[in-house]
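Containing compact mmCIF, C-alpha atoms: structure_8.txt.
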# COMPACT_ATOMS: atom_id res chain seq x y z
CA MET R 1478 -26.09 -84.63 35.26
CA ALA R 1479 -24.35 -81.34 34.53
CA ASP R 1480 -25.72 -79.13 31.75
CA ARG R 1481 -23.97 -79.21 28.42
CA PRO R 1482 -21.59 -76.22 28.17
CA ARG R 1483 -22.69 -73.44 25.87
CA PHE R 1484 -20.42 -72.48 23.01
CA GLY R 1485 -19.47 -68.83 23.55
CA ILE R 1486 -17.07 -66.20 22.22
CA ARG R 1487 -14.16 -67.46 24.34
CA HIS R 1488 -14.62 -70.95 22.90
CA LEU R 1489 -14.85 -69.58 19.36
CA VAL R 1490 -11.62 -67.61 19.75
CA PHE R 1491 -9.86 -70.69 21.17
CA CYS R 1492 -10.98 -72.77 18.17
CA ALA R 1493 -9.98 -70.00 15.77
CA SER R 1494 -6.45 -69.95 17.24
CA CYS R 1495 -6.08 -73.68 16.56
CA VAL R 1496 -7.31 -73.33 12.98
CA VAL R 1497 -5.07 -70.34 12.24
CA LEU R 1498 -2.00 -72.11 13.65
CA MET R 1499 -2.47 -74.86 11.06
CA PHE R 1500 -1.43 -72.27 8.45
CA SER R 1501 1.80 -71.39 10.30
CA ASN R 1502 3.89 -73.45 7.85
CA GLU R 1503 2.59 -71.81 4.69
CA GLU R 1504 5.50 -70.49 2.67
CA GLY R 1505 5.68 -66.70 2.69
CA SER R 1506 3.07 -66.16 5.40
CA ALA R 1507 4.16 -68.54 8.17
CA ILE R 1508 5.21 -65.82 10.62
CA PHE R 1509 1.96 -63.89 10.15
CA PHE R 1510 -0.25 -66.92 10.82
CA GLN R 1511 1.87 -68.08 13.74
CA ALA R 1512 1.72 -64.63 15.37
CA LEU R 1513 -2.03 -64.35 14.70
CA GLY R 1514 -2.70 -67.84 16.06
CA VAL R 1515 -0.78 -67.22 19.27
CA ALA R 1516 -2.45 -63.80 19.67
CA LEU R 1517 -5.90 -65.40 19.35
CA PHE R 1518 -4.95 -68.02 21.92
CA VAL R 1519 -3.84 -65.31 24.36
CA LEU R 1520 -7.11 -63.46 23.67
CA SER R 1521 -9.08 -66.61 24.46
CA GLY R 1522 -7.17 -66.85 27.75
CA MET R 1523 -8.16 -63.28 28.56
CA LEU R 1524 -11.80 -64.06 27.79
CA PHE R 1525 -11.75 -67.15 29.99
CA PHE R 1526 -10.23 -65.02 32.76
CA VAL R 1527 -12.91 -62.35 32.43
CA SER R 1528 -15.62 -65.01 32.63
CA THR R 1529 -14.65 -65.75 36.26
CA PRO R 1530 -12.31 -62.93 37.37
CA SER R 1531 -12.57 -63.64 41.09
CA THR R 1532 -11.31 -67.22 40.85
CA PRO R 1533 -7.66 -67.40 41.96
CA ILE R 1534 -5.02 -68.82 39.64
CA LYS R 1535 -3.15 -71.77 41.15
CA ILE R 1536 0.23 -73.05 40.05
CA THR R 1537 0.35 -76.81 39.48
CA PRO R 1538 3.63 -78.79 39.53
CA PHE R 1539 3.71 -78.79 35.73
CA ASP R 1540 3.07 -75.04 35.67
CA ALA R 1541 5.95 -74.50 38.10
CA ILE R 1542 8.38 -76.32 35.80
CA MET R 1543 7.21 -74.46 32.69
CA LEU R 1544 7.34 -71.10 34.45
CA PHE R 1545 10.78 -71.80 35.91
CA SER R 1546 12.07 -72.43 32.38
CA VAL R 1547 11.40 -68.74 31.59
CA PRO R 1548 13.82 -67.02 34.05
CA LEU R 1549 16.28 -69.82 33.35
CA SER R 1550 16.05 -68.96 29.67
CA TYR R 1551 16.47 -65.23 30.37
CA VAL R 1552 19.68 -65.96 32.30
CA ALA R 1553 20.99 -68.08 29.43
CA VAL R 1554 20.01 -65.37 26.92
CA ALA R 1555 21.89 -62.76 28.95
CA LEU R 1556 25.00 -64.94 28.79
CA SER R 1557 24.65 -65.90 25.12
CA GLU R 1558 23.14 -62.61 23.82
CA ASP R 1559 20.67 -64.50 21.60
CA SER R 1560 17.94 -62.01 20.62
CA TYR R 1561 15.80 -64.67 18.90
CA SER R 1562 15.68 -66.78 22.05
CA LEU R 1563 14.85 -63.66 24.06
CA MET R 1564 11.85 -62.97 21.84
CA HIS R 1565 10.63 -66.58 21.94
CA THR R 1566 11.02 -66.77 25.73
CA THR R 1567 8.78 -63.72 26.15
CA ILE R 1568 6.19 -65.15 23.76
CA PHE R 1569 6.28 -68.48 25.60
CA LEU R 1570 5.75 -66.76 28.96
CA ILE R 1571 2.70 -64.81 27.75
CA THR R 1572 1.25 -67.86 26.02
CA TYR R 1573 1.79 -70.16 28.97
CA LEU R 1574 0.01 -67.76 31.32
CA SER R 1575 -2.97 -68.14 28.98
CA VAL R 1576 -2.52 -71.93 29.13
CA MET R 1577 -2.82 -71.81 32.93
CA ILE R 1578 -5.93 -69.64 32.81
CA ILE R 1579 -7.74 -71.77 30.24
CA ALA R 1580 -6.75 -75.03 31.96
CA GLN R 1581 -8.22 -73.82 35.25
CA ARG R 1582 -11.22 -71.81 34.04
CA ALA R 1583 -12.48 -74.22 31.37
CA SER R 1584 -14.26 -77.37 32.49
CA ALA R 1585 -13.10 -80.71 31.13
CA GLU R 1586 -16.11 -80.92 28.83
CA GLU R 1587 -15.59 -77.33 27.62
CA LEU R 1588 -11.99 -78.08 26.74
CA ILE R 1589 -12.82 -81.27 24.87
CA MET R 1590 -15.75 -79.52 23.13
CA CYS R 1591 -13.36 -76.83 21.84
CA ILE R 1592 -10.81 -79.40 20.71
CA ARG R 1593 -13.44 -81.44 18.86
CA THR R 1594 -14.88 -78.32 17.18
CA ALA R 1595 -11.44 -77.09 16.09
CA THR R 1596 -10.54 -80.55 14.79
CA LEU R 1597 -13.69 -80.72 12.67
CA ALA R 1598 -13.06 -77.21 11.30
CA ILE R 1599 -9.47 -78.08 10.38
CA LEU R 1600 -10.44 -81.34 8.70
CA GLY R 1601 -13.24 -79.55 6.85
CA ILE R 1602 -10.64 -77.22 5.34
CA VAL R 1603 -8.43 -80.21 4.52
CA VAL R 1604 -11.26 -81.93 2.63
CA VAL R 1605 -12.25 -78.79 0.68
CA GLN R 1606 -8.76 -77.56 -0.22
CA PHE R 1607 -6.69 -80.73 -0.29
CA GLY R 1608 -9.20 -83.53 -0.92
CA ASP R 1609 -8.04 -84.22 -4.48
CA SER R 1610 -4.39 -84.35 -3.41
CA LEU R 1611 -5.22 -86.79 -0.61
CA ILE R 1612 -7.07 -89.13 -2.95
CA THR R 1613 -4.21 -89.00 -5.48
CA GLY R 1614 -1.61 -89.63 -2.81
CA LEU R 1615 -3.48 -92.62 -1.39
CA MET R 1616 -3.65 -94.39 -4.73
CA PRO R 1617 -0.94 -97.07 -5.22
CA GLY R 1618 1.44 -96.32 -8.04
CA ALA R 1619 1.43 -92.56 -7.51
CA LEU R 1620 4.79 -90.86 -7.75
CA LYS R 1621 6.14 -90.47 -4.24
CA ARG R 1622 7.81 -87.10 -4.70
CA TRP R 1623 8.43 -84.95 -1.63
CA GLN R 1624 5.57 -82.69 -2.78
CA LEU R 1625 3.14 -85.61 -2.43
CA ARG R 1626 4.51 -86.53 0.99
CA GLU R 1627 4.06 -82.98 2.20
CA ALA R 1628 0.94 -82.76 4.35
CA PRO R 1629 -1.81 -80.13 3.90
CA PHE R 1630 -0.93 -76.53 4.84
CA GLY R 1631 2.70 -77.05 3.75
CA MET R 1632 3.36 -79.08 6.89
CA HIS R 1633 6.44 -81.26 7.35
CA PRO R 1634 5.63 -84.98 7.78
CA ASN R 1635 7.11 -84.95 11.30
CA LEU R 1636 4.74 -82.20 12.39
CA ALA R 1637 1.85 -83.79 10.50
CA GLY R 1638 2.40 -87.02 12.41
CA PHE R 1639 2.36 -85.12 15.70
CA ILE R 1640 -0.79 -83.08 14.99
CA TYR R 1641 -2.97 -85.53 13.08
CA GLY R 1642 -1.88 -88.45 15.26
CA GLY R 1643 -2.85 -86.33 18.25
CA PHE R 1644 -6.24 -85.65 16.65
CA ILE R 1645 -6.77 -89.41 16.29
CA VAL R 1646 -6.02 -90.17 19.93
CA MET R 1647 -8.06 -87.24 21.23
CA ALA R 1648 -11.05 -88.12 19.04
CA ALA R 1649 -10.98 -91.73 20.23
CA ASN R 1650 -11.10 -90.59 23.86
CA SER R 1651 -13.71 -87.84 23.62
CA GLY R 1652 -16.63 -90.04 24.63
CA MET R 1653 -17.67 -87.65 27.40
CA LEU R 1654 -19.05 -85.26 24.77
CA ARG R 1655 -22.82 -85.57 24.59
CA TRP R 1656 -23.20 -84.69 20.93
CA ARG R 1657 -25.53 -86.23 18.42
CA LEU R 1658 -23.71 -88.62 16.08
CA ASN R 1659 -20.58 -88.27 18.24
CA HIS R 1660 -19.39 -91.81 17.48
CA LEU R 1661 -19.82 -91.23 13.74
CA LEU R 1662 -17.82 -87.99 13.98
CA THR R 1663 -15.07 -89.89 15.78
CA VAL R 1664 -14.86 -92.44 12.95
CA VAL R 1665 -14.75 -89.66 10.32
CA ILE R 1666 -11.98 -87.79 12.19
CA ILE R 1667 -9.87 -90.92 12.58
CA ALA R 1668 -10.29 -91.93 8.93
CA LEU R 1669 -9.34 -88.50 7.59
CA CYS R 1670 -6.34 -88.17 9.91
CA VAL R 1671 -5.06 -91.62 8.96
CA ALA R 1672 -5.39 -90.64 5.29
CA VAL R 1673 -3.35 -87.47 5.82
CA MET R 1674 -0.68 -89.35 7.74
CA LEU R 1675 -0.43 -92.05 5.06
CA VAL R 1676 -0.04 -89.53 2.26
CA ALA R 1677 2.52 -87.56 4.29
CA SER R 1678 4.28 -90.83 5.16
CA ALA R 1679 4.24 -89.68 8.79
CA ARG R 1680 5.71 -92.91 10.08
CA GLY R 1681 6.70 -91.62 13.52
CA GLY R 1682 3.15 -90.41 14.15
CA LEU R 1683 1.59 -93.67 12.99
CA LEU R 1684 4.02 -95.67 15.13
CA ALA R 1685 3.12 -93.55 18.17
CA VAL R 1686 -0.59 -94.13 17.48
CA VAL R 1687 0.04 -97.89 17.29
CA LEU R 1688 2.02 -97.84 20.55
CA THR R 1689 -0.74 -95.85 22.24
CA LEU R 1690 -3.32 -98.31 20.93
CA ALA R 1691 -1.20 -101.20 22.23
CA VAL R 1692 -1.19 -99.66 25.72
CA TYR R 1693 -4.97 -99.29 25.53
CA VAL R 1694 -5.48 -102.90 24.46
CA ALA R 1695 -3.15 -104.20 27.18
CA SER R 1696 -4.90 -102.05 29.78
CA GLU R 1697 -8.38 -103.25 28.77
CA ILE R 1698 -7.29 -106.89 28.83
CA ILE R 1699 -5.64 -106.55 32.24
CA LYS R 1700 -8.72 -104.87 33.69
CA GLY R 1701 -11.01 -107.50 32.18
CA ARG R 1702 -13.38 -104.95 30.66
CA ARG R 1703 -16.28 -105.92 28.40
CA SER R 1704 -14.42 -104.26 25.54
CA THR R 1705 -11.89 -107.11 25.71
CA THR R 1706 -14.31 -109.26 23.70
CA TYR R 1707 -14.56 -106.63 20.97
CA ILE R 1708 -10.79 -106.24 20.92
CA ILE R 1709 -10.32 -109.99 20.43
CA VAL R 1710 -12.95 -110.13 17.66
CA ILE R 1711 -11.42 -107.16 15.84
CA GLY R 1712 -7.92 -108.62 16.26
CA VAL R 1713 -8.98 -111.96 14.80
CA ALA R 1714 -10.73 -110.24 11.88
CA LEU R 1715 -7.62 -108.17 11.11
CA ALA R 1716 -5.44 -111.28 11.31
CA ILE R 1717 -7.68 -113.10 8.82
CA LEU R 1718 -7.64 -110.15 6.42
CA ALA R 1719 -3.86 -109.89 6.72
CA PHE R 1720 -3.52 -113.62 5.98
CA PHE R 1721 -5.50 -113.46 2.74
CA TYR R 1722 -4.30 -110.06 1.53
CA TRP R 1723 -0.79 -109.96 2.97
CA GLU R 1724 1.01 -109.40 -0.34
CA ARG R 1725 -1.17 -106.43 -1.29
CA ILE R 1726 -0.96 -104.92 2.20
CA ALA R 1727 2.83 -105.34 2.31
CA ALA R 1728 3.30 -103.86 -1.17
CA TYR R 1729 1.12 -100.86 -0.29
CA ALA R 1730 2.97 -100.26 2.99
CA ILE R 1731 6.38 -100.51 1.31
CA GLU R 1732 5.33 -97.97 -1.31
CA MET R 1733 3.62 -95.50 1.07
CA PHE R 1734 6.39 -95.58 3.67
CA ASP R 1735 9.38 -95.84 1.29
CA LEU R 1736 10.62 -98.89 3.21
CA ASN R 1737 12.97 -99.93 0.41
CA SER R 1738 14.50 -96.50 -0.24
CA ARG R 1739 18.08 -95.72 0.72
CA GLU R 1740 17.16 -92.46 2.48
CA ARG R 1741 14.02 -93.57 4.34
CA GLY R 1742 14.10 -97.37 4.22
CA LEU R 1743 14.46 -99.90 7.00
CA SER R 1744 18.26 -99.82 6.71
CA SER R 1745 18.55 -96.02 6.90
CA GLY R 1746 19.03 -95.87 10.67
CA GLY R 1747 15.64 -94.32 11.37
CA THR R 1748 15.97 -91.98 8.37
CA GLY R 1749 19.34 -90.97 9.80
CA ARG R 1750 17.88 -90.20 13.22
CA PHE R 1751 20.14 -92.59 15.13
CA GLU R 1752 23.16 -90.68 13.88
CA ILE R 1753 21.50 -87.31 14.56
CA TRP R 1754 20.52 -88.35 18.11
CA ALA R 1755 24.06 -89.50 18.86
CA ARG R 1756 25.39 -86.22 17.48
CA GLY R 1757 22.86 -84.27 19.58
CA ILE R 1758 23.88 -86.09 22.78
CA ASP R 1759 27.54 -85.42 22.05
CA TYR R 1760 26.65 -81.75 21.46
CA ILE R 1761 24.91 -81.49 24.85
CA PHE R 1762 27.71 -83.06 26.87
CA GLY R 1763 30.35 -81.10 25.00
CA ARG R 1764 29.03 -77.76 26.29
CA SER R 1765 30.20 -75.74 29.30
CA TRP R 1766 27.66 -73.89 31.49
CA GLU R 1767 24.92 -74.57 28.92
CA ILE R 1768 24.76 -78.23 29.93
CA PHE R 1769 23.19 -77.17 33.25
CA ILE R 1770 20.84 -74.30 32.32
CA GLY R 1771 20.67 -74.59 28.54
CA SER R 1772 21.19 -71.76 26.09
CA GLY R 1773 17.60 -70.40 26.06
CA LEU R 1774 14.24 -71.45 24.65
CA ARG R 1775 14.41 -72.18 20.92
CA SER R 1776 18.19 -71.73 20.95
CA THR R 1777 18.45 -74.93 18.91
CA HIS R 1778 18.11 -72.70 15.84
CA ASN R 1779 21.81 -71.95 16.35
CA MET R 1780 22.80 -75.59 15.88
CA SER R 1781 24.27 -76.59 12.55
CA PHE R 1782 22.16 -79.76 12.32
CA PRO R 1783 18.51 -80.61 13.02
CA VAL R 1784 17.39 -81.96 16.38
CA GLU R 1785 14.90 -84.74 15.69
CA SER R 1786 13.86 -85.39 19.29
CA SER R 1787 12.02 -83.22 21.79
CA TYR R 1788 14.10 -84.59 24.64
CA ILE R 1789 17.42 -83.59 23.09
CA ASN R 1790 15.81 -80.29 22.15
CA LEU R 1791 14.77 -79.70 25.77
CA ALA R 1792 18.26 -80.44 27.05
CA VAL R 1793 19.77 -77.95 24.60
CA ASP R 1794 17.24 -75.24 25.45
CA SER R 1795 16.88 -75.67 29.23
CA GLY R 1796 19.69 -77.93 30.45
CA ILE R 1797 19.71 -81.49 31.71
CA PHE R 1798 18.18 -80.79 35.14
CA LEU R 1799 15.03 -79.07 33.88
CA THR R 1800 14.70 -81.70 31.15
CA ALA R 1801 14.80 -84.44 33.78
CA ALA R 1802 12.23 -82.56 35.89
CA THR R 1803 9.94 -82.16 32.87
CA LEU R 1804 10.12 -85.86 32.01
CA LEU R 1805 9.49 -86.90 35.61
CA CYS R 1806 6.51 -84.55 35.74
CA PHE R 1807 5.05 -86.07 32.57
CA ILE R 1808 5.52 -89.56 34.02
CA GLY R 1809 3.83 -88.44 37.25
CA ILE R 1810 0.87 -86.97 35.35
CA LEU R 1811 0.53 -90.15 33.28
CA ALA R 1812 0.57 -92.32 36.40
CA ARG R 1813 -1.98 -90.11 38.13
CA SER R 1814 -4.23 -89.89 35.07
CA TYR R 1815 -4.14 -93.68 34.64
CA SER R 1816 -5.18 -94.13 38.27
CA GLU R 1817 -7.97 -91.55 38.00
CA GLN R 1818 -9.33 -92.97 34.76
CA ASN R 1819 -9.66 -96.33 36.49
CA SER R 1820 -11.88 -94.52 39.01
CA GLY R 1821 -14.15 -93.36 36.21
CA SER R 1822 -12.76 -89.92 35.29
CA ALA R 1823 -13.44 -89.36 31.60
CA PHE R 1824 -11.11 -86.37 31.50
CA HIS R 1825 -8.18 -88.33 32.93
CA ARG R 1826 -8.73 -91.04 30.35
CA PHE R 1827 -8.53 -88.32 27.70
CA ALA R 1828 -5.43 -86.84 29.37
CA PHE R 1829 -3.67 -90.18 29.80
CA TYR R 1830 -3.85 -91.26 26.17
CA THR R 1831 -3.28 -87.75 24.75
CA LEU R 1832 -0.11 -87.23 26.81
CA LEU R 1833 1.04 -90.83 26.28
CA PHE R 1834 0.88 -90.33 22.51
CA ALA R 1835 2.72 -87.00 22.80
CA VAL R 1836 5.49 -88.59 24.88
CA PHE R 1837 5.86 -91.47 22.40
CA GLN R 1838 5.79 -89.30 19.29
CA SER R 1839 8.17 -86.69 20.72
CA VAL R 1840 11.01 -89.18 20.38
CA PHE R 1841 10.87 -88.35 16.66
CA ASN R 1842 10.19 -84.59 16.68
CA ARG R 1843 10.87 -81.34 18.56
CA TYR R 1844 7.32 -80.19 19.31
CA LEU R 1845 6.57 -81.49 22.83
CA ILE R 1846 7.10 -78.10 24.53
CA ALA R 1847 6.08 -75.52 21.93
CA VAL R 1848 3.40 -72.93 21.18
CA GLY R 1849 3.49 -72.71 17.39
CA ASN R 1850 1.04 -75.50 16.52
CA PRO R 1851 -2.38 -76.47 17.93
CA PHE R 1852 -1.50 -79.89 19.32
CA SER R 1853 1.51 -78.60 21.27
CA LEU R 1854 -0.76 -76.01 22.89
CA ILE R 1855 -3.30 -78.72 23.69
CA VAL R 1856 -0.58 -80.88 25.26
CA LEU R 1857 0.38 -77.97 27.54
CA LEU R 1858 -3.28 -77.37 28.42
CA VAL R 1859 -4.00 -81.01 29.20
CA ALA R 1860 -0.78 -81.46 31.19
CA SER R 1861 -1.48 -78.32 33.23
CA LYS R 1862 -5.08 -79.35 33.95
CA ALA R 1863 -4.23 -82.98 34.77
CA SER R 1864 -1.34 -81.90 37.00
CA GLY R 1865 -3.63 -79.99 39.37
CA LYS R 1866 -5.92 -81.13 42.14
CA ILE R 1867 -9.11 -83.01 41.29
CA THR R 1868 -11.65 -80.21 41.07
CA PRO R 1869 -15.45 -80.57 41.23
CA ALA R 1870 -15.56 -80.00 37.46
CA LEU R 1871 -13.28 -82.96 36.89
CA ARG R 1872 -15.26 -85.10 39.31
CA ASN R 1873 -18.39 -84.26 37.33
CA ALA R 1874 -16.71 -85.87 34.32
CA ARG R 1875 -16.95 -89.19 36.16
CA ALA R 1876 -20.68 -88.76 36.57
CA ILE R 1877 -21.01 -87.94 32.86
CA ALA R 1878 -19.04 -91.05 31.91
CA ALA R 1879 -21.08 -93.21 34.28
CA ALA R 1880 -24.35 -91.84 32.89
CA ASP R 1881 -23.24 -92.46 29.30
CA THR R 1882 -22.34 -96.09 30.01
CA ALA R 1883 -25.41 -96.82 32.14

Starting from the file, give its structure as structure tokens.
Amino acid sequence: MADRPRFGIRHLVFCASCVVLMFSNEEGSAIFFQALGVALFVLSGMLFFVSTPSTPIKITPFDAIMLFSVPLSYVAVALSEDSYSLMHTTIFLITYLSVMIIAQRASAEELIMCIRTATLAILGIVVVQFGDSLITGLMPGALKRWQLREAPFGMHPNLAGFIYGGFIVMAANSGMLRWRLNHLLTVVIIALCVAVMLVASARGGLLAVVLTLAVYVASEIIKGRRSTTYIIVIGVALAILAFFYWERIAAYAIEMFDLNSRERGLSSGGTGRFEIWARGIDYIFGRSWEIFIGSGLRSTHNMSFPVESSYINLAVDSGIFLTAATLLCFIGILARSYSEQNSGSAFHRFAFYTLLFAVFQSVFNRYLIAVGNPFSLIVLLVASKASGKITPALRNARAIAAADTA
């Protein structure tokens, strides 16, 4: 069995970047924290590079697509003269080079160790600074003003659903960590993240978690695993509870998720998203040269209406061809990760469910390909690592998983 990785300076800087990026929505200091968080992430990439400087950097299929988006964006910027997109493209390039380095220099267990440590640090801050607000917001009958629905750190509910939902899925699939009380930590992380998402009314994130869970349940049943028995027992118990307490559960859900409101209710067309998506598609196909190469990374800031889908956002930024290539690459990584996890790879199990959640949840937000929040960076890291060849480090993850289940 491989030795447990030691927590060093490069890991600490990586975790610090994730924590700092959680403050990147604070009013008045968002730009400072976002710049600091990205700078720390780049520094962590440099430290990982220095740790093994002689190891060559390889370009995976996912890396090739991400890197190709940069010169494509520079061409679009030259045509559109968008200085903001020029700045973001350069930042994305520098950050993604760090993504490649960390993905290839960090072992699977190192990466998951850093993610778990950063998650615990973030949730510790949430409990200390926002614990009272969470408890108040979870109580039925509380006024559901926008201030109460706003997640910790001044975060929009859409982003909260993406980040905290991602924390849930990653925590549930971090079994390869050989920590004391690891299962208890997983339960605590999931409970706190669900609480944040309920208070923020992050319905897209919760729906994506449920869909990801449904895929897991279906997969376990099809494979005939021993966990199928536990799934059936839990399902029956939940059904019994729902039968006896249905009225209370329904009333609580209606209140927390504003299901009867005109703006966010069941009849609101996905909180107006259906109309926005249709408008976004019309916008894409009404363009000239931009339909093919896009108008530059983060050029959606020039649109007069919000883009509530990462896939529409990608098509605006990078054109329909690169968007199609990105989606096909994600599908390929998911298929490969699913196959490898069936062979016992703990990392590919982690990658499959993390990326599956991100793909589901990105229907409702614009954060799938981004560098300004910790979960988007983690998605890029996991996709880059899972897109490459099966290295000895990843094969060792299978041995770890087998030893833990023996």

Quick one: everything within 9 Å of R:Gln1581, counting all atoms listed in the file, minus sequence neighbours fewer than 5 positions away in the same chain. Send it as a short mmCIF file (atom, residue, chain, number, x, y, z; two decimals) with C-alpha atoms, keeping the file's coordinate frame.
data_model
loop_
_atom_site.label_atom_id
_atom_site.label_comp_id
_atom_site.auth_asym_id
_atom_site.auth_seq_id
_atom_site.Cartn_x
_atom_site.Cartn_y
_atom_site.Cartn_z
CA ILE R 1534 -5.02 -68.82 39.64
CA LYS R 1535 -3.15 -71.77 41.15
CA VAL R 1576 -2.52 -71.93 29.13
CA SER R 1861 -1.48 -78.32 33.23
CA LYS R 1862 -5.08 -79.35 33.95
CA GLY R 1865 -3.63 -79.99 39.37
#

*So what do you get for atom CA of R:Asn1635 versus atom CA of R:Ala1679, distance-wise?*
6.1 Å

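Atom CA of R:Thr1689 sits 25.1 Å away from atom CA of R:Ser1584.
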
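Using all atoms listed in the file for every distance, the candidate list R:Met1632, R:Met1577, R:Leu1524, R:Ile1666 yields R:Leu1524 as the residue closest to R:Phe1491.
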
Give the centre and edge lengths of an axis-aligned box, in Å to one decimal, that holds all listed atoms of stretch 1482-1497 of chain R with 6 Å on each side, as lines of an AutoDock Vina configuration file.
center_x = -13.9
center_y = -71.2
center_z = 20.2
size_x = 29.6
size_y = 22.0
size_z = 27.9

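The list of residues with at least one atom within 12 Å of R:Leu1804, based on only C-alpha atoms and without residues fewer than 2 positions apart in the same chain, reads Phe1539, Ile1542, Met1543, Ser1787, Tyr1788, Ile1789, Leu1791, Ala1792, Ile1797, Phe1798, Leu1799, Thr1800, Ala1801, Ala1802, Cys1806, Phe1807, Ile1808, Gly1809, Ile1810, Leu1811, Leu1832, Leu1833, Ala1835, Val1836, Phe1837, Ser1839, Leu1845, Ile1846 and Ala1860 of chain R.
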
_Distance query R:Asn1779 at most 10 Å, all atoms listed in the file, self and fewer than 4 positions along chain excluded, as a PyMOL selection string_ = chain R and resi 1559+1561-1562+1772+1775+1783

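Counting from atom CA of R:Thr1831, the distance to atom CA of R:Thr1663 is 15.0 Å.
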
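Proximity ranking of R:Arg1680, R:Arg1750, R:His1778, R:Arg1764 relative to R:Ala1730 places R:Arg1680 first, based on only C-alpha atoms.
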
_Which residues are near R:Val1515? Cut-off 12 Å, all atoms listed in the file, ignore same chain within fewer than 2 positions. Put them as a PyMOL selection string._
chain R and resi 1490-1501+1508-1513+1517-1522+1565+1568-1573+1575-1576+1847-1851+1853-1854

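Among R:Arg1487, R:Arg1582, R:His1633, R:Arg1593, the residue with the shortest atom-to-atom distance to R:Asn1842, counting all atoms listed in the file, is R:His1633.
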
_Selected residue of minimal separation from R:Tyr1641 among R:Gly1614, R:Gly1771, R:Phe1852, R:Ile1699, counting all atoms listed in the file_ = R:Phe1852

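The shortest atom-to-atom distance to R:Ile1536, with only C-alpha atoms taken into account, belongs to R:Lys1866 out of R:Phe1769, R:Phe1644, R:Leu1857, R:Lys1866.
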
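Of the listed residues R:Leu1654, R:Ala1863, R:Met1674, R:Leu1669, the one whose atoms come nearest to R:Cys1591 is R:Leu1654, with distances taken using all atoms listed in the file.
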